Amino acid sequence: MIKTKSKTDTKKVGYIDFFKLFIKSVREYKKPSIIAIIFITLETLFECFIPYVMNLLLNFISDQNKSIIGGEAISENFIPITIGFGAGLLVMAFCSLFCGITAGKFAAKASVGFATNIRQDLFYKIQSFSFNNIDKFSISSLVTRQTTDITYIQMCYQIMIRIALRAPLMFIFSIILASVMAPSLAWVYAILIPILAIALFLVVKFSLPIFNRVFDKYDALNESVEENVHGIRVVKTYTREDFEKQKFKKASENIRDDFVKAERILALSNPILTFALYVSMLFIVTFGSYSILMITGSTVEIGHISALITYGAQILSSLMMLSMVLVMISMSTASMRRVYEVLVEVPTIKNCDNPIYEVADGSIEYKNVSFKYRKDAEKYALADINLKFYSGETIGIIGGTGSSKSTLVNLLSLFYDTTEGEVIVGGHNVKDYDVKTLRENVSMVLQKNILFSGTIKENLRWGNKNATDEEIVEACKIAQADSFIETFPKKYDTLIQQGGSNVSGGQKQRLCIARAILKKPKILVMDDSTSAVDTKTDALIREGLSTTLNGTTKIIIAQRISSVQDADVILVMDDGHINGMGTHEELLKTNAIYKEIYDLQNRAGGDSND
């Protein structure tokens, strides 16, 4: 196992760093991206040459009209040439349409595929995280990154392929063709373009900070929804619906208000563009007409005026598109940074160079172990832990809330790594094992019991995907789950709803215990996993484990003395330290904390159904 440092400083990361990382997610969609770029270039060329050809046609018609006015006969090639120009324009229009449709199709395919790959890369990266890594990001924030942030990145990629390429190409081609065709009129754009560019820059500058702060508020909104959905029973129990509505309304209105402010600023870009367009048309028509009518030998013709008006619209609209591209890129930069943070996060726990792929037995040893969740934490969660257990023993752990009982066992599976000292399983440091192998041999029933959507049988096979029906039934009998499963109409094929909402807390715990048993582990950890069952069922579960998993080391964390009193050795935890260790009888005589818990529970009339 290699312990590495996490990268946390991403504020100085620039677009080049984003490009280097995200370009890896394009993968099989490079070809559609390139095809889209080619057809966008062709579409822009056709659109820019159509006004130029139209200019030639209008000038040809104007020349013929002048000939007729001068008393000359109309050219015999007038109709064929006019038809030829018309046919050419029609072909160019259809080619532009075809290129635009094709570019849109491939750009959409590339952007959607790109987003799919990023979402997959992000999800896979999260799966590789240790608990330390996961603790850095809130659940609501990770959900926002997987959904809203990646959607913005997808939109940015599509815009980069289409508009970010199309706008500068149209701007450049239009400027060149307008300058070549009528340089005496194109000077109008040399004045208007810088003014318009400055105005659009200011619009973007003032709107971007508003967009950038919206994403943090998305986290708050998602957090409000997540808390409400997960705690809906508590909300209804305490009739706090109105409070939750107000909390959601406030988070939602904060986002709305920021978007309204930003959109108001962006809305200025349309009238600015329209004003610039009409000013350019006014100057071109006025000076163009004056040149044609009043200046002898003027090179300006009627076709030039028509084409320059069209090019003016294209030039100004391309600037408008570029400003929108800048807004979209800047908006998505916040999303890129948030996704980037997760993708470059280095798992704090990784395999060593030559990992061990077999766990010999369930023996456990803690050597001078100390642990804290953050390096800058002032206090250790665990301090100076020295323990040794033999394979097959049953260990009970008891202590008050916050005494670090769960933290102690989380080190066994390398959910967290020790800050000091070492944890040894099966004769080897846990860091020397292949992480997957270690976790397959250390089965844990966590405090928060989670079941997934699917049948009971599918949930149980999380413990062993190849388990037979007979093995599943046997595990459920040990966990005292078979009795209630048999009462369901579909028995083991009963569908479990999301989060196990259609089974009781005690039933959920027993299913999770059966799932852990199916792994046939070297070490079985039950972290307060029978708190929702009665003492009789608890005793039957412990009896079943002792008779069927003889070679498995069993660690039972509990709040009830009755759950651990038959253990070979019992640990009493207090504030991250081992306060006492021994059998039930020994601790009653020597440990004040253990005796106090025992007396309180017996004074209350014995253990009751939690």
# chains A, B, ... in the order shown; residues from 1 in each chain; ligands from 1
>>> residues_around(residues="A:Val204", least_positions_apart="5", cutoff="8 Å", atoms="only C-alpha atoms", output="list in words")
Leu266, Ser323, Leu326 and Val327 of chain A
>>> residues_around(residues="A:Leu545", least_positions_apart="5", cutoff="10 Å", atoms="only C-alpha atoms", output="ChimeraX atom specification")
/A:394,475,478-479,517,524,539-540,550,552,554
>>> residues_around(residues="stretch 427-433 of chain A", least_positions_apart="5", cutoff="10 Å", atoms="only C-alpha atoms", output="ChimeraX atom specification")
/A:1-3,349-366,411-414,417-418,422,438-439
>>> write_last_selection(atoms="C-alpha atoms", output="PDB file, in the first residue's frame")
ATOM      1  CA  MET A   1       0.000   0.000   0.000  1.00  0.00           C
ATOM      2  CA  ILE A   2       1.314   3.408  -0.989  1.00  0.00           C
ATOM      3  CA  LYS A   3       0.104   6.449   0.879  1.00  0.00           C
ATOM      4  CA  ILE A 349      -4.639   4.394  -0.208  1.00  0.00           C
ATOM      5  CA  LYS A 350      -3.261   2.404  -3.133  1.00  0.00           C
ATOM      6  CA  ASN A 351      -1.642  -0.970  -3.657  1.00  0.00           C
ATOM      7  CA  CYS A 352       2.047  -1.324  -2.960  1.00  0.00           C
ATOM      8  CA  ASP A 353       4.413  -2.514  -5.703  1.00  0.00           C
ATOM      9  CA  ASN A 354       4.200  -6.235  -4.854  1.00  0.00           C
ATOM     10  CA  PRO A 355       0.960  -6.754  -2.940  1.00  0.00           C
ATOM     11  CA  ILE A 356      -0.011  -9.953  -1.151  1.00  0.00           C
ATOM     12  CA  TYR A 357      -3.062 -11.691  -2.626  1.00  0.00           C
ATOM     13  CA  GLU A 358      -3.856 -14.119   0.172  1.00  0.00           C
ATOM     14  CA  VAL A 359      -4.833 -13.554   3.801  1.00  0.00           C
ATOM     15  CA  ALA A 360      -3.556 -16.514   5.846  1.00  0.00           C
ATOM     16  CA  ASP A 361      -5.903 -16.217   8.828  1.00  0.00           C
ATOM     17  CA  GLY A 362      -7.917 -13.809  10.931  1.00  0.00           C
ATOM     18  CA  SER A 363      -5.267 -12.913  13.502  1.00  0.00           C
ATOM     19  CA  ILE A 364      -5.144  -9.188  14.343  1.00  0.00           C
ATOM     20  CA  GLU A 365      -2.501  -7.002  15.928  1.00  0.00           C
ATOM     21  CA  TYR A 366      -2.320  -3.248  16.548  1.00  0.00           C
ATOM     22  CA  LEU A 411      -8.342   0.560  10.059  1.00  0.00           C
ATOM     23  CA  LEU A 412      -8.604  -3.198   9.489  1.00  0.00           C
ATOM     24  CA  SER A 413      -9.999  -2.783   5.967  1.00  0.00           C
ATOM     25  CA  LEU A 414      -7.832   0.223   5.126  1.00  0.00           C
ATOM     26  CA  ASP A 417      -4.676   4.479   7.094  1.00  0.00           C
ATOM     27  CA  THR A 418      -2.945   4.809  10.436  1.00  0.00           C
ATOM     28  CA  GLU A 422       0.803  -0.430  12.030  1.00  0.00           C
ATOM     29  CA  LEU A 438      -7.930  -7.491   2.129  1.00  0.00           C
ATOM     30  CA  ARG A 439     -11.480  -6.179   1.983  1.00  0.00           C
TER      31      ARG A 439
END
>>> closest_residue(among="A:Phe131, A:Val339, A:Ile34, A:Ile50", to="A:Thr147", atoms="only C-alpha atoms")
A:Val339
>>> closest_residue(among="A:Thr144, A:Thr151, A:Asn254, A:Asn602", to="A:Ser562", atoms="only C-alpha atoms")
A:Asn602
>>> select_by_dssp(residues="stretch 462-600 of chain A", states="helix (DSSP H, G or I)", output="PyMOL selection string")
chain A and resi 469-478+482-485+491-493+498-500+505-517+535-548+561-564+584-590+592-600
>>> write_last_selection(atoms="C-alpha atoms", output="CSV table (one decimal), in the first residue's frame")
chain,number,residue,atom,x,y,z
A,469,ASP,CA,-29.5,-20.6,-3.4
A,470,GLU,CA,-28.6,-23.1,-0.7
A,471,GLU,CA,-25.7,-21.0,0.6
A,472,ILE,CA,-28.0,-17.9,0.6
A,473,VAL,CA,-30.7,-19.7,2.7
A,474,GLU,CA,-28.1,-21.0,5.1
A,475,ALA,CA,-26.6,-17.5,5.6
A,476,CYS,CA,-30.1,-16.1,6.2
A,477,LYS,CA,-30.8,-18.8,8.8
A,478,ILE,CA,-27.7,-17.9,10.7
A,482,ASP,CA,-35.0,-16.7,6.7
A,483,SER,CA,-38.1,-16.6,9.0
A,484,PHE,CA,-39.3,-13.3,7.8
A,485,ILE,CA,-38.2,-13.7,4.2
A,491,LYS,CA,-39.7,-15.0,-0.7
A,492,TYR,CA,-36.1,-14.5,-1.8
A,493,ASP,CA,-37.2,-12.8,-5.1
A,498,GLN,CA,-34.4,2.0,-2.9
A,499,GLY,CA,-32.6,2.2,0.5
A,500,GLY,CA,-34.6,-0.8,1.8
A,505,GLY,CA,-34.8,-1.7,10.6
A,506,GLY,CA,-34.3,-5.0,12.2
A,507,GLN,CA,-35.0,-6.9,9.0
A,508,LYS,CA,-32.5,-4.7,7.2
A,509,GLN,CA,-29.9,-5.4,9.8
A,510,ARG,CA,-30.4,-9.2,9.5
A,511,LEU,CA,-30.2,-9.1,5.7
A,512,CYS,CA,-26.9,-7.1,5.9
A,513,ILE,CA,-25.5,-9.7,8.4
A,514,ALA,CA,-26.4,-12.5,6.0
A,515,ARG,CA,-24.7,-10.6,3.2
A,516,ALA,CA,-21.6,-10.3,5.2
A,517,ILE,CA,-21.7,-14.0,6.2
A,535,THR,CA,-32.2,-9.6,22.7
A,536,LYS,CA,-33.5,-13.1,21.9
A,537,THR,CA,-32.8,-12.7,18.1
A,538,ASP,CA,-29.4,-11.1,19.0
A,539,ALA,CA,-28.5,-14.1,21.0
A,540,LEU,CA,-29.6,-16.5,18.2
A,541,ILE,CA,-27.5,-14.6,15.7
A,542,ARG,CA,-24.4,-14.8,18.0
A,543,GLU,CA,-25.0,-18.5,18.6
A,544,GLY,CA,-25.3,-19.2,14.9
A,545,LEU,CA,-22.1,-17.3,14.2
A,546,SER,CA,-20.2,-19.2,16.9
A,547,THR,CA,-21.2,-22.6,15.6
A,548,THR,CA,-20.8,-22.0,11.8
A,561,ILE,CA,-23.6,-5.7,27.5
A,562,SER,CA,-25.6,-8.8,26.6
A,563,SER,CA,-24.3,-8.6,23.0
A,564,VAL,CA,-20.6,-8.9,24.0
A,584,HIS,CA,-17.1,-10.1,31.2
A,585,GLU,CA,-16.4,-11.3,34.7
A,586,GLU,CA,-13.0,-9.6,34.9
A,587,LEU,CA,-14.3,-6.3,33.7
A,588,LEU,CA,-17.1,-6.3,36.2
A,589,LYS,CA,-14.5,-6.5,38.9
A,590,THR,CA,-11.8,-4.2,37.5
A,592,ALA,CA,-15.5,1.2,36.4
A,593,ILE,CA,-16.9,2.2,32.9
A,594,TYR,CA,-18.0,-1.4,32.1
A,595,LYS,CA,-19.6,-1.9,35.5
A,596,GLU,CA,-21.4,1.4,35.3
A,597,ILE,CA,-22.9,0.4,31.9
A,598,TYR,CA,-23.8,-3.0,33.2
A,599,ASP,CA,-25.5,-1.6,36.3
A,600,LEU,CA,-27.5,1.0,34.3
>>> closest_residue(among="A:Leu122, A:Ala186, A:Ile284, A:Ile193", to="A:Leu142", atoms="only C-alpha atoms")
A:Leu122
